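A quick write-up on the structure given underneath.
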Amino acid sequence: MYPGNQMLAILAALSATMAWSLTFIVPNVVGNASIFNFYAVEFLMLGLLSAGYLVLCRGARRTLRPHDCWVAAGLGVLGFPAYCLAVTGATICAGPVMAPAFVSLVPVALAISGNLCERTVAWRRLGVPLSLATGGLVLVNWGDWSGPDAGDVPVAGIALALMAIALWVGFGLWNQRALACRPSMDTQVWTALMLCGAGGGMLAFTPIGLSVGVLGIPGPGVPVPSATRLLAWAAVLGILVNVWGGWAWNYSSKSLPVVLAAQLITMEPTFGTLLGLWVRRRWPTWSEGVGMALLLMGVVTAIQRFQRPRCAPCRPAQAPQPGDRDVRKLRLL
């Protein structure tokens with residue numbers, strides 16, 4: 001069985017995936033606001049709050065090195081605004097059918113990449129959980145792939161979806177290695193540094209977004225309820241998705257190998273599918289139900305593959321010493 005700290009890490013990773021699945025309801029809560037404006041408000045707000053938290057943590061600032069700040073800031077840009085904008089761009093260019101299907105391949109890609117970088121478990125032992133996860137992801141998205149809305153995907157949509165997969169895999173591997181090199185790093189401070197980097201990256205992107213027209217500054221005619229709704233949802237989802245999700249994932253990354261963490265990410269599309277069904281007020285189809293069941297089986301199987309042996313390790317046999325034969329002869333006498 002897993003020790004207590006690793007079981008807490010597994011629960012933290014699952015709670016992170018549950019928090020990240022809330023991004024699937026963003027298009028349903030932004031109203032008339034632009035999705036880019038929503039992310040700009042969210043990450044700028046989180047960046048300011050995280051900077052204030054770091055100012056108050058004087059003891060933590062003394063132990064930080066400039067390299068730590070730059071690495072965490074780069075991870076924040078990579079894993080938060082860059083990934084969200086890539087996913088949003090893929091959804092705009094490719095539509096709501098194929099883009100989530102592409103992005104749902106992140107767990108399989110991360111598991112394969114993690115085991116290639118650090119051989120944690122034999123490939124033959126990963127065959128069953130990876131097969132279950134792949135089959136579950138295919139069945140969950142089968143209705144979108146085979147439905148009447150599934151058509152030709154533009155090249156830009158495919159490129160942005162592949163970019164989103166590459167960003168998440170790169171973030172997962174880089175963050176795991178960075179935390180392994182900093183075992184004494186406080187996960188709250190590390191998450192705050194990442195969110196500061198996310199806010200700074202979004203602030204740097206704002207002039208570009210304004211120039212190309214994807215971001216806009218609301219004028220004086222914007223109704224107060226619409227602005228209040230945007231700020232409220234940005235604050236709630238920002239805290240749940242990014243603050244809690246980022247902290248929980250950083251906590252789990254310090255105790256779990258990349259391959260196991262990647263299998264736990266397969267719960268994100270499951271939670272996202274459940275939220276989508278709840279928003280649309282319908283029951284899952286047979287493919288969605290079977291797919292979610294396979295995803296759950298894949299996660300359970302992956303956890304079992306990484307369990308430690310319950311029995312105590314056998315003591316290695318010692319080579320016979322020159323005087324052992326004489327001692328046996330004396331015992332026989």
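Convention: chains lettered A, B, ... in structure tokens order; per-chain residue numbering from 1; ligands numbered from 1 as shown.
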
Near-Ile112 of chain A list (12 Å; only C-alpha atoms; drop same-chain fewer than 4 positions) as number ranges by chain: A: 105-108, 116-123, 126-127, 129-130, 169, 173, 258-263

Any chance you can output those residues with C-alpha atoms as a tab-separated table (two decimals), in the first residue's frame?
chain	number	residue	atom	x	y	z
A	105	LEU	CA	-4.77	13.01	-25.48
A	106	VAL	CA	-2.57	14.97	-23.03
A	107	PRO	CA	-2.54	12.22	-20.34
A	108	VAL	CA	-1.33	9.55	-22.76
A	116	LEU	CA	10.91	8.10	-21.75
A	117	CYS	CA	12.65	10.80	-19.69
A	118	GLU	CA	12.69	8.82	-16.45
A	119	ARG	CA	12.16	5.06	-16.62
A	120	THR	CA	9.83	4.65	-13.66
A	121	VAL	CA	8.11	1.41	-14.61
A	122	ALA	CA	8.54	-1.21	-17.33
A	123	TRP	CA	6.63	-0.50	-20.53
A	126	LEU	CA	1.97	0.32	-18.57
A	127	GLY	CA	0.25	-1.48	-21.43
A	129	PRO	CA	-3.58	1.30	-18.01
A	130	LEU	CA	-2.52	3.16	-21.16
A	169	VAL	CA	3.46	18.00	-21.61
A	173	LEU	CA	7.85	17.48	-17.25
A	258	VAL	CA	5.31	11.73	-13.88
A	259	VAL	CA	3.84	8.55	-15.36
A	260	LEU	CA	1.41	8.02	-12.48
A	261	ALA	CA	0.47	11.71	-12.39
A	262	ALA	CA	-0.25	11.56	-16.11
A	263	GLN	CA	-2.68	8.70	-15.57

Selection near Tyr251 of chain A, 12 Å with only C-alpha atoms, sequence-local residues under 2 positions removed, as a ChimeraX atom specification: /A:5-16,175-176,179-180,183-191,244-249,253-256,261

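You can rank A:Pro207, A:Gly272, A:Gly136, A:Pro257 by their closest distance to Val299 of chain A using only C-alpha atoms, and at the top of that list sits A:Gly136.
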
One-decimal distance in Å that lies between atom CA of Gly89 of chain A and atom CA of Thr134 of chain A: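 Separating atom CA of Thr134 of chain A from atom CA of Gly89 of chain A is a distance of 24.5 Å.
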